[in-house]
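Shown next: protein-v1.txt, given as compact mmCIF, C-alpha atoms and all ligand atoms.
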```
# COMPACT_ATOMS: atom_id res chain seq x y z
CA MET A 186 37.97 -1.42 20.30
CA LYS A 187 40.05 -0.25 23.21
CA SER A 188 43.46 1.13 22.33
CA THR A 189 46.62 -0.42 23.75
CA PHE A 190 47.14 2.84 25.60
CA SER A 191 43.77 2.62 27.39
CA LEU A 192 44.41 -1.01 28.37
CA LEU A 193 47.81 -0.07 29.78
CA LYS A 194 46.17 2.83 31.55
CA ARG A 195 43.70 0.46 33.20
CA ASN A 196 46.49 -1.88 34.26
CA PHE A 197 48.74 0.72 35.77
CA THR A 198 46.80 3.84 36.67
CA SER A 199 43.16 3.09 37.32
CA LEU A 200 43.39 1.35 40.68
CA LYS A 201 40.17 2.40 42.38
CA GLN A 202 40.02 4.73 45.34
CA ARG A 203 39.83 2.65 48.50
CA SER A 204 38.93 3.80 52.00
CA ILE A 205 41.99 1.88 53.27
CA ASP A 206 45.28 1.98 51.34
CA PRO A 207 46.31 -1.69 50.92
CA PHE A 208 49.96 -0.60 50.92
CA GLY A 209 49.54 1.99 53.69
CA GLY A 210 51.38 0.08 56.42
CA ASP A 211 54.21 2.64 56.38
CA LYS A 212 51.80 5.30 57.70
CA VAL A 213 50.70 2.92 60.49
CA VAL A 214 54.22 2.09 61.65
CA LYS A 215 55.16 5.78 61.77
CA ASN A 216 52.75 5.99 64.73
CA HIS A 217 54.36 3.14 66.68
CA PRO A 218 55.72 4.23 70.05
CA LEU A 219 59.47 4.81 70.30
CA PRO A 220 61.40 1.62 71.11
CA ASN A 221 62.35 0.97 74.74
CA PRO A 222 66.19 1.25 74.75
CA GLN A 223 66.38 -1.10 77.78
CA ARG A 224 64.35 -3.90 76.29
CA LEU A 225 67.25 -5.99 74.94
CA VAL A 226 69.98 -4.66 77.17
CA ASN A 227 72.76 -7.22 77.93
CA LYS A 228 71.61 -9.42 75.06
CA TYR A 229 73.66 -10.63 72.10
CA ALA A 230 71.71 -11.56 69.00
CA LEU A 231 72.14 -13.18 65.60
CA ILE A 232 69.72 -12.51 62.74
CA THR A 233 69.73 -14.40 59.43
CA GLY A 234 68.51 -12.66 56.28
CA GLY A 235 69.17 -9.25 57.85
CA THR A 236 69.90 -7.39 54.61
CA ASN A 237 66.30 -6.82 53.53
CA GLY A 238 62.67 -6.78 54.60
CA VAL A 239 61.79 -8.22 58.00
CA GLY A 240 65.41 -9.04 58.88
CA LYS A 241 66.61 -5.49 58.23
CA GLU A 242 63.72 -3.88 60.16
CA THR A 243 64.38 -6.26 63.05
CA SER A 244 68.11 -5.50 63.04
CA ILE A 245 67.37 -1.77 63.30
CA LEU A 246 64.74 -2.29 66.03
CA PHE A 247 67.10 -4.54 68.02
CA ALA A 248 69.77 -1.82 67.97
CA GLN A 249 67.19 0.79 69.05
CA SER A 250 66.09 -1.60 71.83
CA GLY A 251 69.56 -1.65 73.37
CA VAL A 252 70.95 -4.98 72.12
CA GLU A 253 74.62 -5.31 73.23
CA GLY A 254 75.87 -7.03 70.08
CA LEU A 255 74.30 -8.11 66.81
CA THR A 256 75.48 -10.38 64.00
CA ILE A 257 73.67 -9.97 60.69
CA VAL A 258 74.02 -13.00 58.42
CA ASP A 259 73.10 -12.91 54.74
CA TRP A 260 74.23 -14.28 51.39
CA ASN A 261 73.69 -10.78 50.01
CA LYS A 262 76.86 -8.74 50.68
CA LYS A 263 74.78 -5.57 51.06
CA GLY A 264 74.34 -6.73 54.67
CA GLN A 265 77.68 -4.98 55.28
CA ASP A 266 75.99 -1.64 54.47
CA VAL A 267 73.12 -2.47 56.84
CA ALA A 268 75.56 -3.22 59.68
CA GLU A 269 77.39 0.07 59.02
CA GLU A 270 74.10 2.01 58.86
CA ILE A 271 73.06 0.53 62.22
CA ASN A 272 76.43 1.35 63.83
CA HIS A 273 76.13 4.89 62.52
CA LEU A 274 72.55 5.31 63.85
CA ALA A 275 73.37 3.68 67.20
CA LYS A 276 76.63 5.69 67.54
CA ARG A 277 78.36 2.48 68.71
CA LYS A 278 79.86 -0.61 67.08
CA VAL A 279 76.90 -2.82 67.91
CA ALA A 280 76.54 -4.74 64.63
CA GLN A 281 78.78 -6.95 62.50
CA PHE A 282 78.02 -8.59 59.16
CA ILE A 283 78.89 -12.17 58.21
CA HIS A 284 78.52 -13.19 54.58
CA ALA A 285 77.13 -16.75 54.58
CA ASP A 286 74.54 -19.07 53.09
CA VAL A 287 72.28 -20.52 55.80
CA SER A 288 71.95 -23.79 53.90
CA SER A 289 75.70 -24.53 54.10
CA ASP A 290 76.74 -26.59 57.14
CA LYS A 291 80.38 -25.37 57.00
CA GLN A 292 79.42 -21.71 56.57
CA MET A 293 76.96 -21.82 59.46
CA GLU A 294 79.48 -23.51 61.75
CA ARG A 295 81.95 -20.71 60.90
CA THR A 296 79.24 -18.06 61.40
CA PHE A 297 78.43 -19.09 64.97
CA THR A 298 82.16 -19.47 65.80
CA GLU A 299 82.82 -15.93 64.54
CA HIS A 300 79.80 -14.56 66.44
CA MET A 301 81.13 -16.08 69.69
CA GLN A 302 84.69 -14.88 69.01
CA ARG A 303 83.44 -11.31 68.59
CA PHE A 304 80.71 -11.16 71.28
CA GLY A 305 81.21 -14.18 73.62
CA LYS A 306 77.46 -14.77 74.14
CA LEU A 307 74.35 -15.70 72.18
CA ASN A 308 71.00 -14.89 73.78
CA VAL A 309 68.69 -14.26 70.81
CA LEU A 310 68.60 -16.15 67.51
CA PHE A 311 66.20 -14.94 64.80
CA ASN A 312 66.04 -17.51 61.99
CA ASN A 313 64.46 -15.32 59.35
CA ALA A 314 66.21 -16.04 56.01
CA GLY A 315 63.82 -17.65 53.57
CA ILE A 316 63.03 -17.84 49.85
CA LEU A 317 60.06 -18.37 47.57
CA ALA A 318 61.35 -19.89 44.32
CA ALA A 319 60.17 -18.29 41.07
CA ASN A 320 58.61 -21.47 39.64
CA ASP A 321 57.13 -22.86 42.87
CA ASP A 322 53.61 -23.93 41.88
CA GLY A 323 51.55 -27.14 42.22
CA PRO A 324 52.85 -30.67 42.87
CA CYS A 325 52.76 -31.64 39.17
CA ASN A 326 54.70 -28.72 37.71
CA THR A 327 57.16 -27.40 40.29
CA PRO A 328 60.72 -28.14 39.07
CA ASP A 329 62.82 -30.46 41.24
CA GLU A 330 65.56 -27.84 41.53
CA ASP A 331 63.07 -25.40 43.13
CA TYR A 332 62.11 -28.12 45.61
CA GLU A 333 65.78 -28.71 46.54
CA LYS A 334 66.63 -25.01 46.77
CA THR A 335 63.58 -24.08 48.87
CA MET A 336 63.95 -26.98 51.29
CA ASN A 337 67.69 -26.31 51.63
CA VAL A 338 67.26 -22.66 52.56
CA ASN A 339 63.92 -22.68 54.41
CA VAL A 340 64.20 -25.97 56.32
CA LYS A 341 67.86 -27.07 56.38
CA GLY A 342 68.93 -23.46 56.97
CA VAL A 343 66.71 -23.20 60.07
CA PHE A 344 67.85 -26.67 61.22
CA LEU A 345 71.55 -25.68 60.92
CA CYS A 346 71.00 -22.50 62.92
CA HIS A 347 69.61 -24.61 65.76
CA LYS A 348 72.44 -27.14 65.35
CA TYR A 349 75.16 -24.51 65.82
CA GLY A 350 73.18 -21.92 67.80
CA ILE A 351 71.82 -24.05 70.65
CA PRO A 352 75.24 -25.14 72.04
CA GLU A 353 76.32 -21.47 72.19
CA MET A 354 73.03 -20.46 73.78
CA LEU A 355 73.44 -23.19 76.43
CA LYS A 356 76.92 -21.80 77.26
CA SER A 357 75.33 -18.33 77.49
CA GLY A 358 72.75 -19.44 80.10
CA GLY A 359 69.80 -19.77 77.70
CA GLY A 360 67.92 -17.48 75.40
CA SER A 361 65.16 -17.00 72.87
CA ILE A 362 64.95 -18.52 69.39
CA ILE A 363 62.43 -17.05 66.97
CA ASN A 364 61.62 -18.82 63.71
CA VAL A 365 59.61 -17.50 60.77
CA ALA A 366 56.98 -19.71 59.18
CA SER A 367 53.96 -18.20 57.39
CA ILE A 368 50.18 -18.37 57.39
CA VAL A 369 50.54 -21.05 54.70
CA ALA A 370 51.82 -23.33 57.47
CA LEU A 371 48.24 -23.09 58.83
CA VAL A 372 45.94 -22.71 55.80
CA GLY A 373 46.27 -23.77 52.17
CA SER A 374 46.81 -21.08 49.55
CA ALA A 375 44.65 -21.08 46.40
CA ALA A 376 47.58 -19.50 44.54
CA ALA A 377 49.80 -22.58 44.69
CA GLN A 378 53.38 -22.42 46.03
CA VAL A 379 53.36 -25.96 47.36
CA VAL A 380 57.06 -26.35 48.22
CA TYR A 381 57.23 -23.04 50.11
CA THR A 382 54.08 -24.10 52.01
CA ALA A 383 55.62 -27.48 52.89
CA SER A 384 58.84 -25.79 54.02
CA LYS A 385 56.99 -23.42 56.35
CA GLY A 386 54.92 -26.30 57.79
CA ALA A 387 58.25 -28.02 58.56
CA VAL A 388 59.58 -24.90 60.33
CA LEU A 389 56.49 -24.73 62.55
CA ALA A 390 56.65 -28.42 63.48
CA MET A 391 60.43 -28.36 64.07
CA SER A 392 60.15 -25.29 66.33
CA ARG A 393 57.57 -26.93 68.61
CA GLU A 394 59.69 -30.04 69.11
CA ILE A 395 62.92 -28.16 69.80
CA ALA A 396 61.01 -25.94 72.26
CA ILE A 397 59.97 -28.98 74.29
CA MET A 398 63.49 -30.47 74.21
CA TYR A 399 65.13 -27.35 75.65
CA ALA A 400 62.36 -25.90 77.84
CA LYS A 401 64.18 -26.80 81.08
CA ASP A 402 67.46 -25.33 79.78
CA ASN A 403 66.03 -21.82 79.72
CA ILE A 404 65.87 -21.82 75.92
CA ARG A 405 62.55 -20.66 74.46
CA VAL A 406 61.59 -21.40 70.85
CA ASN A 407 58.64 -19.67 69.19
CA THR A 408 57.40 -19.15 65.65
CA ILE A 409 55.86 -16.17 63.88
CA ASN A 410 53.42 -16.74 61.02
CA PRO A 411 53.25 -13.54 58.96
CA GLY A 412 50.54 -12.91 56.40
CA PRO A 413 51.48 -11.15 53.13
CA LEU A 414 53.73 -8.15 53.69
CA SER A 415 53.80 -4.97 51.68
CA THR A 416 56.96 -5.20 49.60
CA GLU A 417 57.93 -3.68 46.25
CA LEU A 418 57.56 -7.14 44.76
CA LEU A 419 53.97 -7.46 45.98
CA LYS A 420 53.13 -3.93 44.80
CA ASN A 421 54.42 -4.63 41.30
CA PHE A 422 52.70 -8.00 41.18
CA LEU A 423 49.29 -6.71 42.33
CA ASN A 424 49.13 -3.87 39.79
CA THR A 425 45.47 -4.17 38.71
CA ASP A 426 42.15 -3.85 40.54
CA ALA A 427 41.28 -7.46 39.75
CA LYS A 428 44.51 -8.87 41.21
CA LEU A 429 44.33 -6.61 44.24
CA ASP A 430 40.64 -7.39 44.92
CA ARG A 431 41.41 -11.10 44.69
CA ARG A 432 43.95 -10.73 47.51
CA LEU A 433 42.05 -8.24 49.62
CA ILE A 434 38.91 -10.40 49.82
CA HIS A 435 40.89 -12.54 52.30
CA ASN A 436 42.10 -9.57 54.30
CA PRO A 437 39.89 -8.23 57.14
CA ILE A 438 42.01 -5.13 57.87
CA GLY A 439 42.10 -4.21 54.18
CA ARG A 440 45.87 -3.76 53.95
CA PHE A 441 49.05 -5.80 53.81
CA GLY A 442 51.42 -6.02 56.75
CA HIS A 443 54.58 -3.92 57.04
CA PRO A 444 57.90 -5.66 57.80
CA LYS A 445 58.26 -3.47 60.89
CA GLU A 446 55.01 -4.91 62.28
CA ILE A 447 56.71 -8.32 62.23
CA ALA A 448 59.89 -6.84 63.76
CA GLN A 449 57.80 -5.62 66.72
CA VAL A 450 56.62 -9.19 67.38
CA VAL A 451 60.21 -10.46 67.11
CA ALA A 452 61.41 -7.85 69.63
CA PHE A 453 58.72 -8.97 72.10
CA LEU A 454 59.64 -12.66 71.68
CA ALA A 455 63.35 -11.80 71.99
CA SER A 456 62.85 -9.90 75.24
CA ASP A 457 62.32 -11.30 78.73
CA GLU A 458 58.78 -9.87 78.61
CA SER A 459 57.73 -13.04 76.76
CA SER A 460 59.24 -15.34 79.44
CA LEU A 461 56.19 -17.64 79.58
CA LEU A 462 56.04 -18.20 75.83
CA THR A 463 57.70 -21.26 74.36
CA GLY A 464 56.63 -23.85 71.79
CA THR A 465 53.96 -21.50 70.54
CA GLN A 466 53.23 -19.37 67.52
CA ILE A 467 52.12 -15.81 66.92
CA THR A 468 50.15 -15.31 63.72
CA ALA A 469 50.60 -11.72 62.55
CA ASP A 470 48.28 -11.52 59.55
CA GLY A 471 45.66 -8.79 60.15
CA GLY A 472 43.01 -11.47 60.75
CA ILE A 473 43.39 -13.37 57.46
CA THR A 474 43.39 -16.83 59.07
CA ALA A 475 40.38 -15.88 61.22
CA ALA A 476 38.23 -15.20 58.14
CA TYR A 477 36.20 -17.75 56.23
CA VAL A 478 36.36 -17.25 52.45
CA THR A 479 35.71 -19.78 49.70
CA PRO A 480 38.26 -19.24 46.95
CA GLU A 481 37.33 -19.23 43.29
CA LYS A 482 39.00 -21.85 41.14
CA ILE A 483 42.05 -20.09 39.67
N1 LIG A 501 57.13 -11.12 52.61
C1 LIG A 501 56.06 -11.84 52.94
O1 LIG A 501 54.92 -11.56 52.49
C2 LIG A 501 56.20 -13.00 53.91
C3 LIG A 501 55.05 -13.64 54.38
C4 LIG A 501 55.18 -14.72 55.25
C5 LIG A 501 56.45 -15.15 55.65
N2 LIG A 501 57.56 -14.50 55.18
C6 LIG A 501 58.87 -15.00 55.62
O2 LIG A 501 59.52 -13.96 56.32
C7 LIG A 501 60.94 -14.10 56.18
C8 LIG A 501 61.53 -12.78 55.69
O3 LIG A 501 60.88 -12.45 54.47
P1 LIG A 501 61.08 -11.04 53.73
O4 LIG A 501 59.81 -10.70 53.09
O5 LIG A 501 61.73 -10.08 54.65
O6 LIG A 501 62.10 -11.51 52.58
P2 LIG A 501 63.26 -10.71 51.83
O7 LIG A 501 63.48 -11.45 50.55
O8 LIG A 501 62.97 -9.25 51.78
O9 LIG A 501 64.49 -10.95 52.81
C9 LIG A 501 65.04 -12.24 53.01
C10 LIG A 501 66.52 -12.10 53.28
O10 LIG A 501 67.06 -13.43 53.44
C11 LIG A 501 68.28 -13.49 52.70
N3 LIG A 501 68.50 -14.89 52.33
C12 LIG A 501 67.72 -15.67 51.53
N4 LIG A 501 68.27 -16.87 51.42
C13 LIG A 501 69.42 -16.86 52.14
C14 LIG A 501 70.43 -17.82 52.38
N5 LIG A 501 70.40 -19.04 51.83
N6 LIG A 501 71.46 -17.49 53.21
C15 LIG A 501 71.52 -16.26 53.74
N7 LIG A 501 70.60 -15.30 53.53
C16 LIG A 501 69.57 -15.61 52.73
C17 LIG A 501 68.04 -12.59 51.50
O11 LIG A 501 69.25 -12.19 50.89
C18 LIG A 501 67.28 -11.44 52.13
O12 LIG A 501 68.14 -10.46 52.63
C19 LIG A 501 61.14 -15.26 55.21
O13 LIG A 501 61.41 -16.44 55.93
C20 LIG A 501 59.80 -15.36 54.50
O14 LIG A 501 59.56 -16.66 53.99
C21 LIG A 501 57.46 -13.43 54.32
```
Just give me the structure of the file as structure tokens.
Ligand SMILES: NC(=O)c1ccc[n+]([C@@H]2O[C@H](COP(=O)([O-])OP(=O)(O)OC[C@H]3O[C@@H](n4cnc5c(N)ncnc54)[C@H](O)[C@@H]3O)[C@@H](O)[C@H]2O)c1
Amino acid sequence: MKSTFSLLKRNFTSLKQRSIDPFGGDKVVKNHPLPNPQRLVNKYALITGGTNGVGKETSILFAQSGVEGLTIVDWNKKGQDVAEEINHLAKRKVAQFIHADVSSDKQMERTFTEHMQRFGKLNVLFNNAGILAANDDGPCNTPDEDYEKTMNVNVKGVFLCHKYGIPEMLKSGGGSIINVASIVALVGSAAAQVVYTASKGAVLAMSREIAIMYAKDNIRVNTINPGPLSTELLKNFLNTDAKLDRRLIHNPIGRFGHPKEIAQVVAFLASDESSLLTGTQITADGGITAAYVTPEKI
């Protein structure tokens, strides 16, 4: 009989040698070209969920791309440290932090008022804050409170940012709004997270309609659908060969995305280089949604 030690060893140390490191996105992004410091010049931006992950990488890239002013919004107060880090790196007071919950109407109204008081213009709005509730599962066993919480942050939060952001963008002469959905807005996931999936489908549909409404006002609205990104959480969760293989079978490039790879797409959509793009979506998933795989019953 196998000892407990050998079982633990299999779980945590015997991940097989792979020709591509599934978590090797950090090596890929190190080879990205240096950002163009003129790309976002004269633009004032607001990013929600800028304390971690995609939002933090995008905040840093925006500063490196010459953004004039940046408001980072998050319910995690560590966003203050991110704003200070960016100001230090940029050697100018480009970023401010506002502590707010995107699902609160009052707090979002205050957030956009404070952004305009500080910077006077809003040209780029990146609606990135989103959650995946711990007990989100199938339709028969996901708790009601997880439904409410997810819909409030992922759908109402994005709605409120348009509600208070669009009037300021109109006063600023137009701009670019970038929303974050997910590949689950396009294809069903065998590992159920049905409320998250519904919320991201709503973001995609809402973005298209708002894009059409404001197309002649010089406001562009586009959506990014990321595939799974390499985060600490994902690394800890996929800690055995079996779990990792199950995920990688869907993944043509053999690795998970890096948050900076999403930030690069955001920077393109935020810049005037994407002037013909509105009401559309960019799926940044390493080819996952292009592949045909029949899932096992899990
Ligand atoms: N990580 C992935 O694999 C993945 C895949 C597809 C889509 N996405 C989407 O990309 C976006 C960013 O994901 P991430 O991986 O960087 O997540 P993350 O958890 O690392 O960062 C999300 C940030 O949003 C903030 N936030 C959450 N709820 C908030 C609220 N109510 N008010 C204010 N701030 C709030 C968090 O504090 C955090 O800083 C999300 O919308 C997510 O659904 C992520």
Env. residues ligand LIG 501 (chain A) / 8 Å / all atoms listed in the file / as a PyMOL selection string:
chain A and resi 233-241+258-261+264+284-289+312-317+337-339+342+365-369+381+385+410-416+419+442+444
Two-atom distance - atom CA of Ala469 of chain A, atom CA of Lys263 of chain A (Å):
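Interatomic distance, atom CA of Ala469 of chain A to atom CA of Lys263 of chain A: 27.5 Å.
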Counting only C-alpha atoms, the residue among A:Cys346, A:Val267, A:Lys262, A:Asp331 that lies closest to Leu231 of chain A is A:Cys346
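Across the model, the gap from atom CA of Asn403 of chain A to atom CA of Phe304 of chain A is 20.0 Å.
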Would you kindly return, as a PyMOL selection string, each protein, DNA or RNA residue with an atom no farther than 10 Å from any atom of Tyr399 of chain A, considering all atoms listed in the file and excluding same-chain residues fewer than 6 positions away?
chain A and resi 351+355+359+405-406+463-464
I'd like to know which of A:Asn407, A:Leu371, A:Glu446, A:Arg203 is closest to Ala475 of chain A, using all atoms listed in the file.
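Checking each of A:Asn407, A:Leu371, A:Glu446, A:Arg203 against Ala475 of chain A, counting all atoms listed in the file, the winner is A:Leu371.
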Could you tell me how far atom CA of Ala455 of chain A lies from atom CA of Lys278 of chain A, in Å and to one decimal?
20.5 Å
So, with all atoms listed in the file as the atoms that count, which of A:Asp402, A:Tyr349, A:Arg431, A:Asn227 lies closest to Gln292 of chain A?
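Result for the nearest residue to Gln292 of chain A: A:Tyr349.
With distances restricted to all atoms listed in the file, A:Tyr229 is the closest residue to Val279 of chain A from A:Glu294, A:Tyr229, A:Glu242, A:Gly471.
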Taking all atoms listed in the file into account, which of A:Ala248, A:Met336, A:Pro328, A:Gly472 comes nearest Asn436 of chain A?
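Answer, going by the shortest atom-to-atom distance: A:Gly472.
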When you get a chance, write out N, CA and C atoms for segment 398-423 of chain A, as a tab-separated table (two decimals), in the coordinates of the input.
```tsv
chain	number	residue	atom	x	y	z
A	398	MET	N	62.19	-29.87	73.84
A	398	MET	CA	63.49	-30.47	74.21
A	398	MET	C	64.29	-29.57	75.16
A	399	TYR	N	64.24	-28.25	74.91
A	399	TYR	CA	65.13	-27.35	75.65
A	399	TYR	C	64.41	-26.45	76.66
A	400	ALA	N	63.15	-26.78	76.95
A	400	ALA	CA	62.36	-25.90	77.84
A	400	ALA	C	63.00	-25.78	79.22
A	401	LYS	N	63.60	-26.85	79.72
A	401	LYS	CA	64.18	-26.80	81.08
A	401	LYS	C	65.61	-26.24	81.07
A	402	ASP	N	66.12	-25.94	79.89
A	402	ASP	CA	67.46	-25.33	79.78
A	402	ASP	C	67.39	-23.83	79.60
A	403	ASN	N	66.20	-23.28	79.83
A	403	ASN	CA	66.03	-21.82	79.72
A	403	ASN	C	66.17	-21.34	78.27
A	404	ILE	N	65.90	-22.24	77.32
A	404	ILE	CA	65.87	-21.82	75.92
A	404	ILE	C	64.41	-21.87	75.45
A	405	ARG	N	63.93	-20.73	74.98
A	405	ARG	CA	62.55	-20.66	74.46
A	405	ARG	C	62.60	-20.65	72.94
A	406	VAL	N	61.64	-21.36	72.33
A	406	VAL	CA	61.59	-21.40	70.85
A	406	VAL	C	60.16	-21.11	70.42
A	407	ASN	N	59.98	-20.06	69.66
A	407	ASN	CA	58.64	-19.67	69.19
A	407	ASN	C	58.67	-19.35	67.70
A	408	THR	N	57.50	-19.38	67.10
A	408	THR	CA	57.40	-19.15	65.65
A	408	THR	C	56.44	-18.00	65.37
A	409	ILE	N	56.78	-17.21	64.36
A	409	ILE	CA	55.86	-16.17	63.88
A	409	ILE	C	55.34	-16.60	62.51
A	410	ASN	N	54.03	-16.46	62.32
A	410	ASN	CA	53.42	-16.74	61.02
A	410	ASN	C	52.93	-15.42	60.43
A	411	PRO	N	53.75	-14.77	59.58
A	411	PRO	CA	53.25	-13.54	58.96
A	411	PRO	C	52.28	-13.83	57.83
A	412	GLY	N	51.35	-12.93	57.62
A	412	GLY	CA	50.54	-12.91	56.40
A	412	GLY	C	51.33	-12.16	55.34
A	413	PRO	N	50.74	-11.87	54.17
A	413	PRO	CA	51.48	-11.15	53.13
A	413	PRO	C	51.91	-9.76	53.58
A	414	LEU	N	53.17	-9.44	53.27
A	414	LEU	CA	53.73	-8.15	53.69
A	414	LEU	C	53.88	-7.25	52.48
A	415	SER	N	53.73	-5.97	52.75
A	415	SER	CA	53.80	-4.97	51.68
A	415	SER	C	55.25	-4.76	51.25
A	416	THR	N	55.61	-5.36	50.14
A	416	THR	CA	56.96	-5.20	49.60
A	416	THR	C	56.83	-4.66	48.19
A	417	GLU	N	57.94	-4.17	47.63
A	417	GLU	CA	57.93	-3.68	46.25
A	417	GLU	C	57.45	-4.78	45.32
A	418	LEU	N	57.91	-5.99	45.60
A	418	LEU	CA	57.56	-7.14	44.76
A	418	LEU	C	56.05	-7.34	44.72
A	419	LEU	N	55.43	-7.26	45.90
A	419	LEU	CA	53.97	-7.46	45.98
A	419	LEU	C	53.23	-6.33	45.26
A	420	LYS	N	53.75	-5.09	45.45
A	420	LYS	CA	53.13	-3.93	44.80
A	420	LYS	C	53.16	-4.09	43.28
A	421	ASN	N	54.29	-4.49	42.75
A	421	ASN	CA	54.42	-4.63	41.30
A	421	ASN	C	53.57	-5.79	40.78
A	422	PHE	N	53.46	-6.82	41.57
A	422	PHE	CA	52.70	-8.00	41.18
A	422	PHE	C	51.20	-7.72	41.19
A	423	LEU	N	50.73	-6.99	42.20
A	423	LEU	CA	49.29	-6.71	42.33
A	423	LEU	C	48.98	-5.34	41.72
```
